[in-house]
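Asker: Structure file final-v6.txt (compact mmCIF, C-alpha atoms and all ligand atoms) right here:
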```
# COMPACT_ATOMS: atom_id res chain seq x y z
CA MET E 86 0.00 0.00 0.00
CA ARG E 87 1.02 3.66 -0.36
CA ALA E 88 1.97 5.29 2.91
CA VAL E 89 3.81 8.30 4.24
CA LEU E 90 7.06 7.31 5.92
CA LEU E 91 9.04 9.53 8.22
CA VAL E 92 12.48 8.03 7.74
CA SER E 93 14.39 10.43 10.00
CA PRO E 94 13.61 13.84 11.57
CA GLY E 95 12.49 16.18 8.79
CA ARG E 96 12.61 13.52 6.03
CA LEU E 97 9.23 12.36 4.71
CA GLU E 98 8.68 9.97 1.81
CA VAL E 99 5.61 8.47 0.21
CA ALA E 100 6.47 4.82 -0.36
CA ASP E 101 5.05 1.35 -1.04
CA ILE E 102 5.03 -0.67 2.18
CA PRO E 103 3.40 -3.98 3.16
CA ALA E 104 -0.31 -3.70 4.07
CA PRO E 105 -1.05 -4.16 7.78
CA GLN E 106 -2.53 -7.35 9.26
CA ALA E 107 -5.44 -7.40 11.73
CA ALA E 108 -4.66 -9.32 14.94
CA SER E 109 -7.31 -10.52 17.38
CA GLY E 110 -9.73 -7.71 18.27
CA GLU E 111 -8.43 -5.48 15.48
CA VAL E 112 -9.77 -4.27 12.14
CA ILE E 113 -8.26 -2.88 8.95
CA VAL E 114 -9.70 0.47 7.96
CA THR E 115 -9.20 1.39 4.32
CA LEU E 116 -8.85 5.14 4.65
CA LYS E 117 -10.64 7.69 2.50
CA ALA E 118 -9.30 10.71 4.35
CA ALA E 119 -6.87 11.76 7.06
CA ALA E 120 -6.04 15.08 8.71
CA LEU E 121 -2.98 16.74 10.20
CA ASN E 122 -2.54 17.89 13.76
CA HIS E 123 0.25 19.99 15.20
CA ARG E 124 1.47 16.78 16.86
CA ASP E 125 2.34 15.40 13.41
CA LEU E 126 4.50 18.47 12.80
CA TRP E 127 6.29 18.07 16.16
CA ILE E 128 6.90 14.41 15.22
CA LYS E 129 8.16 15.34 11.75
CA GLN E 130 10.51 17.94 13.24
CA GLY E 131 11.96 15.39 15.70
CA LYS E 132 10.54 17.32 18.67
CA TYR E 133 8.31 14.52 19.98
CA ALA E 134 9.62 11.92 22.41
CA GLY E 135 9.75 8.19 21.65
CA VAL E 136 9.52 8.16 17.85
CA ASN E 137 10.83 4.97 16.17
CA TYR E 138 11.87 5.42 12.53
CA PRO E 139 10.58 4.71 9.97
CA LEU E 140 7.12 5.79 11.12
CA THR E 141 3.81 6.38 9.38
CA PRO E 142 2.40 9.35 11.32
CA GLY E 143 -1.23 10.53 11.44
CA SER E 144 -3.79 10.41 14.25
CA ASP E 145 -6.94 11.31 12.33
CA GLY E 146 -8.69 9.13 9.80
CA ALA E 147 -12.04 8.09 8.35
CA GLY E 148 -12.74 5.22 5.99
CA ILE E 149 -14.34 1.82 5.53
CA VAL E 150 -13.72 -1.39 7.48
CA THR E 151 -12.36 -3.89 4.96
CA GLU E 152 -11.02 -6.67 7.20
CA VAL E 153 -11.73 -7.94 10.70
CA GLY E 154 -9.41 -9.91 12.97
CA ARG E 155 -10.30 -12.87 15.16
CA GLY E 156 -13.11 -12.18 17.62
CA VAL E 157 -14.45 -9.14 15.76
CA ASP E 158 -18.06 -9.31 14.53
CA SER E 159 -18.12 -9.55 10.74
CA SER E 160 -21.00 -7.02 10.65
CA TRP E 161 -18.26 -4.36 10.90
CA LEU E 162 -17.22 -5.16 7.33
CA GLY E 163 -18.17 -2.39 4.91
CA ARG E 164 -19.09 0.10 7.67
CA GLU E 165 -18.09 3.75 7.30
CA VAL E 166 -16.15 4.73 10.39
CA VAL E 167 -14.12 7.40 12.10
CA ILE E 168 -11.21 6.43 14.37
CA ASN E 169 -10.77 7.57 17.98
CA PRO E 170 -7.00 8.21 18.18
CA SER E 171 -6.99 8.25 22.01
CA PHE E 172 -5.88 4.71 23.00
CA GLU E 173 -6.19 3.05 26.43
CA TRP E 174 -7.48 6.10 28.29
CA GLY E 175 -8.30 3.88 31.27
CA PRO E 176 -11.00 3.94 33.96
CA SER E 177 -10.50 7.40 35.48
CA LYS E 178 -12.41 10.47 34.34
CA ALA E 179 -9.79 12.70 35.97
CA ALA E 180 -6.86 11.73 33.74
CA GLN E 181 -5.53 9.13 31.32
CA SER E 182 -3.85 5.87 32.42
CA ASP E 183 -0.12 5.07 32.25
CA ARG E 184 -0.85 2.96 29.16
CA PHE E 185 -2.41 5.87 27.25
CA SER E 186 -1.08 6.43 23.73
CA ILE E 187 -2.04 8.32 20.58
CA LEU E 188 -2.45 6.81 17.12
CA GLY E 189 0.41 7.80 14.81
CA SER E 190 3.34 7.19 17.19
CA PRO E 191 4.34 4.74 18.45
CA ARG E 192 1.60 2.90 16.46
CA SER E 193 1.53 3.40 12.69
CA GLY E 194 -0.96 6.10 11.83
CA THR E 195 -3.45 7.23 9.25
CA LEU E 196 -1.27 8.84 6.56
CA ALA E 197 -1.61 5.65 4.52
CA GLU E 198 -4.10 3.73 2.42
CA GLN E 199 -4.84 1.40 5.36
CA VAL E 200 -4.46 1.41 9.11
CA VAL E 201 -4.91 -1.34 11.69
CA VAL E 202 -6.66 -0.40 14.97
CA PRO E 203 -8.55 -2.18 17.77
CA VAL E 204 -12.27 -2.34 16.96
CA LEU E 205 -12.87 -0.49 20.25
CA GLN E 206 -11.45 2.65 18.62
CA LEU E 207 -14.14 2.83 15.94
CA ALA E 208 -17.24 5.00 15.83
CA PRO E 209 -19.76 5.38 13.00
CA LYS E 210 -18.87 8.16 10.58
CA PRO E 211 -21.25 11.09 11.27
CA ALA E 212 -23.98 10.71 8.64
CA LYS E 213 -24.09 14.40 7.68
CA LEU E 214 -20.33 14.76 7.23
CA THR E 215 -18.13 13.78 4.29
CA PHE E 216 -15.11 11.52 4.83
CA LEU E 217 -12.82 14.58 4.72
CA GLU E 218 -14.93 16.42 7.33
CA SER E 219 -15.12 13.30 9.50
CA ALA E 220 -11.35 12.80 9.35
CA ALA E 221 -10.92 16.39 10.53
CA LEU E 222 -12.80 15.72 13.76
CA PRO E 223 -11.19 13.16 16.07
CA LEU E 224 -8.05 14.52 17.77
CA ALA E 225 -8.82 18.23 17.69
CA GLY E 226 -12.56 17.76 18.33
CA LEU E 227 -11.92 15.51 21.32
CA THR E 228 -9.29 17.87 22.78
CA ALA E 229 -11.58 20.86 22.39
CA TRP E 230 -14.52 18.94 23.89
CA ARG E 231 -12.69 17.97 27.06
CA ALA E 232 -11.13 21.45 27.39
CA VAL E 233 -14.41 23.33 27.02
CA PHE E 234 -16.91 21.09 28.79
CA THR E 235 -15.11 18.59 31.07
CA ARG E 236 -12.32 20.84 32.33
CA ALA E 237 -13.67 24.41 32.00
CA ARG E 238 -17.32 23.35 32.60
CA LEU E 239 -18.44 26.13 30.29
CA THR E 240 -22.13 27.02 30.65
CA ALA E 241 -24.53 29.06 28.50
CA GLY E 242 -24.06 32.80 28.88
CA GLU E 243 -20.43 32.60 30.03
CA ARG E 244 -17.82 34.61 28.17
CA ILE E 245 -14.97 32.52 26.73
CA LEU E 246 -11.74 33.63 25.01
CA ILE E 247 -10.14 31.15 22.60
CA THR E 248 -6.56 31.89 21.54
CA GLY E 249 -5.01 31.28 18.09
CA ILE E 250 -8.28 30.75 16.23
CA GLY E 251 -6.58 29.54 13.06
CA GLY E 252 -5.72 26.31 14.90
CA GLY E 253 -7.64 23.06 14.61
CA VAL E 254 -8.49 22.67 18.31
CA ALA E 255 -9.30 26.38 18.68
CA LEU E 256 -11.90 26.32 15.90
CA TYR E 257 -13.73 23.37 17.47
CA ALA E 258 -13.66 25.15 20.84
CA LEU E 259 -15.31 28.12 19.13
CA SER E 260 -17.99 26.03 17.40
CA PHE E 261 -18.76 24.09 20.60
CA ALA E 262 -18.91 27.24 22.77
CA ALA E 263 -21.21 29.01 20.30
CA ALA E 264 -23.49 25.97 20.06
CA ALA E 265 -23.64 25.76 23.88
CA GLY E 266 -24.94 29.34 24.09
CA ALA E 267 -21.76 30.90 25.49
CA ASP E 268 -20.29 34.23 24.33
CA PRO E 269 -17.06 33.35 22.46
CA TRP E 270 -14.21 35.74 21.64
CA VAL E 271 -10.96 34.87 19.88
CA THR E 272 -7.35 35.92 19.31
CA SER E 273 -5.31 35.44 16.15
CA SER E 274 -2.23 36.68 14.30
CA SER E 275 -4.52 37.51 11.40
CA ASP E 276 -7.36 40.04 11.17
CA SER E 277 -8.95 38.05 8.37
CA LYS E 278 -9.05 34.89 10.52
CA ILE E 279 -10.78 36.95 13.25
CA ALA E 280 -13.31 38.19 10.69
CA ARG E 281 -13.98 34.61 9.57
CA ALA E 282 -14.37 33.50 13.20
CA THR E 283 -17.19 36.00 13.71
CA LYS E 284 -19.12 34.10 11.03
CA LEU E 285 -18.81 30.99 13.23
CA GLY E 286 -20.28 32.82 16.21
CA ALA E 287 -17.40 34.78 17.74
CA SER E 288 -18.49 38.14 19.18
CA GLY E 289 -15.12 39.66 18.29
CA GLY E 290 -11.39 39.17 18.44
CA PHE E 291 -7.94 40.62 19.05
CA ASN E 292 -4.75 40.40 17.03
CA TYR E 293 -2.13 39.05 19.46
CA THR E 294 0.76 40.28 17.30
CA LEU E 295 -0.11 43.94 18.00
CA ALA E 296 1.48 45.64 21.02
CA GLY E 297 -1.12 46.36 23.68
CA TRP E 298 -3.66 43.83 22.39
CA GLY E 299 -4.39 42.70 25.94
CA GLU E 300 -5.25 46.24 27.08
CA ASN E 301 -7.53 46.61 24.06
CA ALA E 302 -9.25 43.35 24.92
CA ALA E 303 -9.74 44.49 28.53
CA MET E 304 -11.29 47.73 27.29
CA ALA E 305 -13.56 45.96 24.79
CA VAL E 306 -14.73 43.43 27.38
CA PRO E 307 -14.57 45.21 30.78
CA SER E 308 -16.11 42.31 32.71
CA ARG E 309 -13.35 40.06 31.21
CA PHE E 310 -13.57 36.32 30.55
CA ASP E 311 -15.00 33.47 32.64
CA VAL E 312 -13.10 30.87 30.63
CA ILE E 313 -9.93 31.05 28.50
CA VAL E 314 -8.89 28.14 26.27
CA ASP E 315 -5.25 28.30 25.18
CA GLY E 316 -2.91 26.01 23.24
CA ALA E 317 -0.05 28.45 22.68
CA GLY E 318 1.41 29.03 26.18
CA GLY E 319 4.64 31.06 26.10
CA ALA E 320 4.77 34.65 27.26
CA GLY E 321 1.24 35.14 25.92
CA LEU E 322 -0.12 33.11 28.83
CA LEU E 323 0.77 35.97 31.18
CA ALA E 324 -1.34 38.43 29.18
CA LEU E 325 -4.25 36.02 29.59
CA LEU E 326 -4.09 36.28 33.39
CA ASP E 327 -4.99 39.97 33.09
CA LEU E 328 -8.05 39.07 31.03
CA CYS E 329 -9.55 36.76 33.65
CA ALA E 330 -12.79 37.64 35.41
CA PRO E 331 -12.70 36.85 39.15
CA GLY E 332 -12.91 33.04 39.52
CA ALA E 333 -12.03 32.40 35.85
CA ARG E 334 -10.78 29.06 34.53
CA ILE E 335 -7.85 28.96 32.10
CA VAL E 336 -7.57 25.64 30.28
CA ASN E 337 -4.27 24.93 28.56
CA TYR E 338 -3.93 22.10 26.03
CA GLY E 339 -0.62 22.94 24.34
CA ALA E 340 2.63 24.88 24.36
CA THR E 341 3.22 25.92 20.74
CA ARG E 342 5.13 28.95 22.06
CA GLY E 343 6.88 27.09 24.89
CA ASN E 344 6.73 27.84 28.60
CA PRO E 345 5.82 31.22 30.10
CA PRO E 346 8.90 33.00 31.50
CA GLU E 347 7.39 33.40 34.97
CA LEU E 348 4.01 32.94 36.58
CA PRO E 349 2.86 35.88 38.75
CA LEU E 350 1.18 33.80 41.42
CA ARG E 351 -0.28 36.86 43.15
CA LYS E 352 -2.61 37.41 40.18
CA LEU E 353 -3.55 33.75 40.20
CA PHE E 354 -4.54 33.46 43.85
CA TRP E 355 -5.96 36.93 44.38
CA ARG E 356 -8.37 36.57 41.46
CA GLN E 357 -9.26 32.96 42.36
CA ILE E 358 -8.10 31.81 38.92
CA SER E 359 -7.95 28.08 38.14
CA LEU E 360 -5.19 27.01 35.74
CA LEU E 361 -6.19 23.64 34.30
CA GLY E 362 -4.27 21.28 32.02
CA THR E 363 -6.00 18.96 29.60
CA THR E 364 -5.25 16.40 26.91
CA MET E 365 -7.50 14.58 24.40
CA GLY E 366 -10.13 12.50 26.29
CA SER E 367 -11.90 9.25 27.16
CA PRO E 368 -14.04 7.00 24.91
CA GLY E 369 -17.14 8.44 26.60
CA GLU E 370 -16.03 11.98 25.78
CA PHE E 371 -15.34 10.95 22.18
CA GLU E 372 -18.93 9.63 21.88
CA ASP E 373 -20.35 12.76 23.55
CA MET E 374 -18.37 14.97 21.16
CA LEU E 375 -19.62 13.10 18.07
CA ARG E 376 -23.23 13.25 19.35
CA PHE E 377 -22.95 17.00 20.01
CA VAL E 378 -21.49 17.59 16.52
CA SER E 379 -24.40 15.72 14.93
CA GLU E 380 -27.10 17.30 17.12
CA HIS E 381 -25.83 20.84 16.51
CA ARG E 382 -24.98 20.18 12.84
CA ILE E 383 -21.43 21.40 13.40
CA LYS E 384 -19.33 21.39 10.24
CA PRO E 385 -15.57 21.05 10.71
CA VAL E 386 -13.73 23.99 9.17
CA LEU E 387 -11.42 22.64 6.47
CA SER E 388 -8.45 24.78 5.55
CA GLU E 389 -7.06 22.96 2.54
CA GLU E 390 -7.08 19.48 1.01
CA PHE E 391 -3.98 17.70 -0.31
CA PRO E 392 -3.62 14.24 -1.85
CA LEU E 393 -1.44 11.80 0.12
CA GLU E 394 1.32 12.13 -2.48
CA GLN E 395 1.62 15.88 -1.68
CA ILE E 396 2.11 15.43 2.04
CA GLU E 397 5.14 17.76 2.13
CA LYS E 398 2.96 20.64 0.90
CA ALA E 399 0.41 19.90 3.61
CA PHE E 400 3.08 20.00 6.33
CA GLY E 401 4.51 23.20 4.80
CA LEU E 402 1.17 24.96 5.23
CA MET E 403 1.04 23.99 8.91
CA GLU E 404 4.68 24.96 9.43
CA ARG E 405 3.95 28.47 8.12
CA GLY E 406 0.82 28.68 10.34
CA ASP E 407 -1.20 29.85 7.34
CA GLN E 408 -4.10 27.46 7.89
CA TYR E 409 -7.57 28.37 9.04
CA GLY E 410 -8.96 25.08 10.30
CA LYS E 411 -7.98 21.52 9.53
CA ILE E 412 -5.53 20.51 6.83
CA VAL E 413 -7.04 17.36 5.32
CA ILE E 414 -5.50 14.61 3.20
CA SER E 415 -7.50 12.78 0.56
CA ILE E 416 -6.58 9.13 0.08
CA PRO E 417 -7.62 7.72 -3.29
N1 LIG V 501 -2.85 18.15 24.81
C1 LIG V 501 -3.35 17.61 23.73
O1 LIG V 501 -3.93 16.52 23.73
C2 LIG V 501 -3.27 18.38 22.47
C3 LIG V 501 -4.18 18.11 21.46
C4 LIG V 501 -4.12 18.89 20.32
C5 LIG V 501 -3.16 19.87 20.19
N2 LIG V 501 -2.25 20.06 21.19
C6 LIG V 501 -1.24 21.12 21.07
O2 LIG V 501 -1.93 22.34 20.93
C7 LIG V 501 -1.27 23.22 20.02
C8 LIG V 501 -2.21 23.57 18.88
O3 LIG V 501 -2.52 22.38 18.17
P1 LIG V 501 -3.38 22.40 16.82
O4 LIG V 501 -3.29 21.03 16.21
O5 LIG V 501 -4.70 23.03 17.06
O6 LIG V 501 -2.43 23.37 16.00
P2 LIG V 501 -2.56 24.13 14.62
O7 LIG V 501 -3.81 23.69 13.93
O8 LIG V 501 -1.25 23.98 13.95
O9 LIG V 501 -2.75 25.65 15.10
C9 LIG V 501 -1.73 26.39 15.65
C10 LIG V 501 -2.28 27.78 15.88
O10 LIG V 501 -1.59 28.30 17.00
C11 LIG V 501 -1.83 29.68 16.99
N3 LIG V 501 -0.72 30.39 17.62
C12 LIG V 501 0.57 30.39 17.26
N4 LIG V 501 1.26 31.24 18.06
C13 LIG V 501 0.38 31.77 18.93
C14 LIG V 501 0.47 32.70 19.99
N5 LIG V 501 1.63 33.29 20.32
N6 LIG V 501 -0.66 33.01 20.68
C15 LIG V 501 -1.84 32.45 20.35
N7 LIG V 501 -1.99 31.57 19.35
C16 LIG V 501 -0.89 31.22 18.66
C17 LIG V 501 -1.99 30.11 15.52
O11 LIG V 501 -3.25 30.77 15.43
P3 LIG V 501 -3.52 31.96 14.37
O12 LIG V 501 -3.26 31.34 13.03
O13 LIG V 501 -4.95 32.31 14.58
O14 LIG V 501 -2.58 33.07 14.70
C18 LIG V 501 -1.97 28.76 14.78
O15 LIG V 501 -2.92 28.71 13.74
C19 LIG V 501 -0.01 22.46 19.59
O16 LIG V 501 1.06 22.85 20.43
C20 LIG V 501 -0.37 21.00 19.83
O17 LIG V 501 0.75 20.19 20.04
C21 LIG V 501 -2.29 19.33 22.32
```
Mind turning this structure into structure tokens?

Answerer:
Amino acid sequence: MRAVLLVSPGRLEVADIPAPQAASGEVIVTLKAAALNHRDLWIKQGKYAGVNYPLTPGSDGAGIVTEVGRGVDSSWLGREVVINPSFEWGPSKAAQSDRFSILGSPRSGTLAEQVVVPVLQLAPKPAKLTFLESAALPLAGLTAWRAVFTRARLTAGERILITGIGGGVALYALSFAAAAGADPWVTSSSDSKIARATKLGASGGFNYTLAGWGENAAMAVPSRFDVIVDGAGGAGLLALLDLCAPGARIVNYGATRGNPPELPLRKLFWRQISLLGTTMGSPGEFEDMLRFVSEHRIKPVLSEEFPLEQIEKAFGLMERGDQYGKIVISIP
């Protein structure tokens, strides 16, 4: 089969490799579509721990079950599915188990014509979504779901600020918050991305590349934000503390910009701010997210589509940060 192979840090190839075999409890999904996450870029750049080369990356995929292993009901054959990339979450709702892993490293991922996964990781493809839209959902949708609802416990009417709205997770957080009746605001490096976000339900936004953007945000929204969802970290996290309403919850799911230089604890404790970490989610949260997407007719925002053979171009777009939404990969 054709598959993307990361042969060493920075070096991707599209090659012919042997098709995978389904062991007991596993299925082969013949993929119609995949999607990129920032994790794939960290892996490509050699910045992710524990990568064994050569590796087929990719956490997100949707396709058709074409083979079942021993012990798997044959009624799965021919079903259109989407894959939950969050493996072995474990029994706790508070956090993942020690065995937790993510599809696409160390396991071979979805940037290939076929992938082998445990049947437990499958869910029906949302009926109203195309394969490309469905493939855009799993990792980012699940991360946004847990951040917004499980960790931040966002409720209708609350004001939420979502940073870096061009990002995959950020756009789902916006769609979910708007559908839940909250008042979403966004930040971005691009005024045009902010303008597009208002069409998805954002009340407004702030360009974080401009000096004094935080002061402008505080003036525009004097009561400040009940919830802030951030995947960038870095020095920008400190500006977010000043935008917290008393008792606010900041949920962080990533560190694209690294660690903040220092954390002014006085602001944190005096304003009763909760700083919460989060990562992907449980099988139950994956189901809840898919149900919510269907009930609210949420359409994943697709930035651009590339065929598998043009995977370098797809990574290039993410590397430049030019995307607005998910970069999807069509698999013929
Ligand atoms: N914990 C988890 O389970 C989990 C899950 C998913 C992602 N993540 C992490 O979360 C981060 C985002 O992932 P993604 O897949 O959504 O990435 P992505 O689609 O590549 O989006 C990255 C976005 O980050 C924004 N950004 C960059 N610098 C920023 C800054 N200084 N302040 C605010 N926003 C900034 C940009 O937004 P604009 O284009 O609008 O400027 C960019 O579009 C990555 O670090 C990723 O590893 C973690």

Asker: Report, in Å to a single decimal, how far apart atom CA of Thr215 of chain E and atom CA of Arg281 of chain E are.

Answerer: 21.9 Å

Asker: Could I get the residue neighbourhood of ligand LIG 501 (chain V) at 7 Å, counting all atoms listed in the file, as a ChimeraX atom specification?

Answerer: /E:122-124,224-225,228,248-255,272-275,278,293,316-317,319,321,338-342,363-365,403,406-411

Asker: I want to know what sits within 12 Å of Leu350 of chain E, based on only C-alpha atoms, with residues of the same chain fewer than 3 positions away left out; could you give that as a PDB file with C-alpha atoms, in the frame of the given file?

Answerer:
```pdb
ATOM      1  CA  LEU E 323       0.770  35.970  31.180  1.00  0.00           C
ATOM      2  CA  LEU E 326      -4.090  36.280  33.390  1.00  0.00           C
ATOM      3  CA  GLU E 347       7.390  33.400  34.970  1.00  0.00           C
ATOM      4  CA  LEU E 353      -3.550  33.750  40.200  1.00  0.00           C
ATOM      5  CA  PHE E 354      -4.540  33.460  43.850  1.00  0.00           C
ATOM      6  CA  TRP E 355      -5.960  36.930  44.380  1.00  0.00           C
ATOM      7  CA  ARG E 356      -8.370  36.570  41.460  1.00  0.00           C
ATOM      8  CA  GLN E 357      -9.260  32.960  42.360  1.00  0.00           C
ATOM      9  CA  ILE E 358      -8.100  31.810  38.920  1.00  0.00           C
ATOM     10  CA  SER E 359      -7.950  28.080  38.140  1.00  0.00           C
ATOM     11  CA  LEU E 360      -5.190  27.010  35.740  1.00  0.00           C
TER      12      LEU E 360
END
```

Asker: Excluding Phe371 of chain E and its own-chain neighbours fewer than 6 positions away, which residues fall within 8 Å of it when counting only C-alpha atoms? Please give them as JSON, numbers by chain.

Answerer: {"E": [169, 223, 227]}

Asker: For the residues in that selection, give me C-alpha atoms as a PDB file, in the frame of the given file.

Answerer:
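Heads up, here's the output in result.pdb:
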```pdb
ATOM      1  CA  ASN E 169     -10.770   7.570  17.980  1.00  0.00           C
ATOM      2  CA  PRO E 223     -11.190  13.160  16.070  1.00  0.00           C
ATOM      3  CA  LEU E 227     -11.920  15.510  21.320  1.00  0.00           C
TER       4      LEU E 227
END
```

Asker: Just to confirm, what's the straight-line distance from atom CA of Arg244 of chain E to atom CA of Ala267 of chain E in Å (one decimal)?

Answerer: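 Atom-to-atom, atom CA of Arg244 of chain E and atom CA of Ala267 of chain E are spaced 6.0 Å apart.
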
Asker: With only C-alpha atoms as the atoms that count, which of E:Gly146, E:Pro345, E:Pro139, E:Gly289 lies nearest to Ile416 of chain E?

Answerer: E:Gly146

Asker: Please determine, counting all atoms listed in the file, which residue among E:Leu90, E:Leu97, E:Ala330, E:Val114 has the shortest atom-to-atom distance to Glu397 of chain E.

Answerer: E:Leu97

Asker: Saving segment 140-214 of chain E with C-alpha atoms, as a PDB file, in the first residue's frame, what would that file be?

Answerer:
```pdb
ATOM      1  CA  LEU E 140       7.123   5.794  11.124  1.00  0.00           C
ATOM      2  CA  THR E 141       3.813   6.382   9.381  1.00  0.00           C
ATOM      3  CA  PRO E 142       2.403   9.349  11.317  1.00  0.00           C
ATOM      4  CA  GLY E 143      -1.226  10.529  11.443  1.00  0.00           C
ATOM      5  CA  SER E 144      -3.792  10.414  14.249  1.00  0.00           C
ATOM      6  CA  ASP E 145      -6.943  11.312  12.330  1.00  0.00           C
ATOM      7  CA  GLY E 146      -8.687   9.132   9.797  1.00  0.00           C
ATOM      8  CA  ALA E 147     -12.037   8.088   8.355  1.00  0.00           C
ATOM      9  CA  GLY E 148     -12.744   5.219   5.992  1.00  0.00           C
ATOM     10  CA  ILE E 149     -14.335   1.820   5.533  1.00  0.00           C
ATOM     11  CA  VAL E 150     -13.724  -1.386   7.484  1.00  0.00           C
ATOM     12  CA  THR E 151     -12.363  -3.888   4.964  1.00  0.00           C
ATOM     13  CA  GLU E 152     -11.019  -6.674   7.204  1.00  0.00           C
ATOM     14  CA  VAL E 153     -11.728  -7.936  10.701  1.00  0.00           C
ATOM     15  CA  GLY E 154      -9.413  -9.909  12.970  1.00  0.00           C
ATOM     16  CA  ARG E 155     -10.298 -12.871  15.162  1.00  0.00           C
ATOM     17  CA  GLY E 156     -13.110 -12.181  17.620  1.00  0.00           C
ATOM     18  CA  VAL E 157     -14.448  -9.138  15.760  1.00  0.00           C
ATOM     19  CA  ASP E 158     -18.061  -9.312  14.532  1.00  0.00           C
ATOM     20  CA  SER E 159     -18.116  -9.546  10.736  1.00  0.00           C
ATOM     21  CA  SER E 160     -20.997  -7.024  10.652  1.00  0.00           C
ATOM     22  CA  TRP E 161     -18.257  -4.356  10.902  1.00  0.00           C
ATOM     23  CA  LEU E 162     -17.216  -5.159   7.334  1.00  0.00           C
ATOM     24  CA  GLY E 163     -18.170  -2.385   4.913  1.00  0.00           C
ATOM     25  CA  ARG E 164     -19.091   0.099   7.671  1.00  0.00           C
ATOM     26  CA  GLU E 165     -18.090   3.750   7.295  1.00  0.00           C
ATOM     27  CA  VAL E 166     -16.145   4.730  10.389  1.00  0.00           C
ATOM     28  CA  VAL E 167     -14.124   7.397  12.097  1.00  0.00           C
ATOM     29  CA  ILE E 168     -11.214   6.426  14.373  1.00  0.00           C
ATOM     30  CA  ASN E 169     -10.766   7.570  17.975  1.00  0.00           C
ATOM     31  CA  PRO E 170      -6.995   8.211  18.182  1.00  0.00           C
ATOM     32  CA  SER E 171      -6.988   8.248  22.009  1.00  0.00           C
ATOM     33  CA  PHE E 172      -5.881   4.706  22.996  1.00  0.00           C
ATOM     34  CA  GLU E 173      -6.193   3.052  26.427  1.00  0.00           C
ATOM     35  CA  TRP E 174      -7.483   6.096  28.291  1.00  0.00           C
ATOM     36  CA  GLY E 175      -8.301   3.877  31.267  1.00  0.00           C
ATOM     37  CA  PRO E 176     -10.995   3.943  33.956  1.00  0.00           C
ATOM     38  CA  SER E 177     -10.496   7.401  35.482  1.00  0.00           C
ATOM     39  CA  LYS E 178     -12.408  10.472  34.344  1.00  0.00           C
ATOM     40  CA  ALA E 179      -9.786  12.703  35.966  1.00  0.00           C
ATOM     41  CA  ALA E 180      -6.864  11.727  33.742  1.00  0.00           C
ATOM     42  CA  GLN E 181      -5.533   9.125  31.320  1.00  0.00           C
ATOM     43  CA  SER E 182      -3.847   5.874  32.416  1.00  0.00           C
ATOM     44  CA  ASP E 183      -0.117   5.069  32.251  1.00  0.00           C
ATOM     45  CA  ARG E 184      -0.846   2.956  29.163  1.00  0.00           C
ATOM     46  CA  PHE E 185      -2.406   5.873  27.247  1.00  0.00           C
ATOM     47  CA  SER E 186      -1.077   6.431  23.732  1.00  0.00           C
ATOM     48  CA  ILE E 187      -2.037   8.316  20.579  1.00  0.00           C
ATOM     49  CA  LEU E 188      -2.448   6.805  17.122  1.00  0.00           C
ATOM     50  CA  GLY E 189       0.415   7.805  14.806  1.00  0.00           C
ATOM     51  CA  SER E 190       3.340   7.192  17.193  1.00  0.00           C
ATOM     52  CA  PRO E 191       4.343   4.742  18.449  1.00  0.00           C
ATOM     53  CA  ARG E 192       1.602   2.901  16.456  1.00  0.00           C
ATOM     54  CA  SER E 193       1.533   3.396  12.685  1.00  0.00           C
ATOM     55  CA  GLY E 194      -0.960   6.098  11.830  1.00  0.00           C
ATOM     56  CA  THR E 195      -3.454   7.235   9.247  1.00  0.00           C
ATOM     57  CA  LEU E 196      -1.272   8.835   6.562  1.00  0.00           C
ATOM     58  CA  ALA E 197      -1.607   5.648   4.520  1.00  0.00           C
ATOM     59  CA  GLU E 198      -4.097   3.728   2.419  1.00  0.00           C
ATOM     60  CA  GLN E 199      -4.835   1.399   5.358  1.00  0.00           C
ATOM     61  CA  VAL E 200      -4.456   1.410   9.113  1.00  0.00           C
ATOM     62  CA  VAL E 201      -4.913  -1.341  11.692  1.00  0.00           C
ATOM     63  CA  VAL E 202      -6.656  -0.400  14.970  1.00  0.00           C
ATOM     64  CA  PRO E 203      -8.546  -2.176  17.770  1.00  0.00           C
ATOM     65  CA  VAL E 204     -12.271  -2.342  16.955  1.00  0.00           C
ATOM     66  CA  LEU E 205     -12.867  -0.489  20.248  1.00  0.00           C
ATOM     67  CA  GLN E 206     -11.445   2.650  18.623  1.00  0.00           C
ATOM     68  CA  LEU E 207     -14.144   2.835  15.936  1.00  0.00           C
ATOM     69  CA  ALA E 208     -17.243   4.999  15.828  1.00  0.00           C
ATOM     70  CA  PRO E 209     -19.756   5.376  12.997  1.00  0.00           C
ATOM     71  CA  LYS E 210     -18.873   8.157  10.584  1.00  0.00           C
ATOM     72  CA  PRO E 211     -21.246  11.088  11.265  1.00  0.00           C
ATOM     73  CA  ALA E 212     -23.978  10.714   8.640  1.00  0.00           C
ATOM     74  CA  LYS E 213     -24.093  14.400   7.677  1.00  0.00           C
ATOM     75  CA  LEU E 214     -20.327  14.756   7.228  1.00  0.00           C
TER      76      LEU E 214
END
```
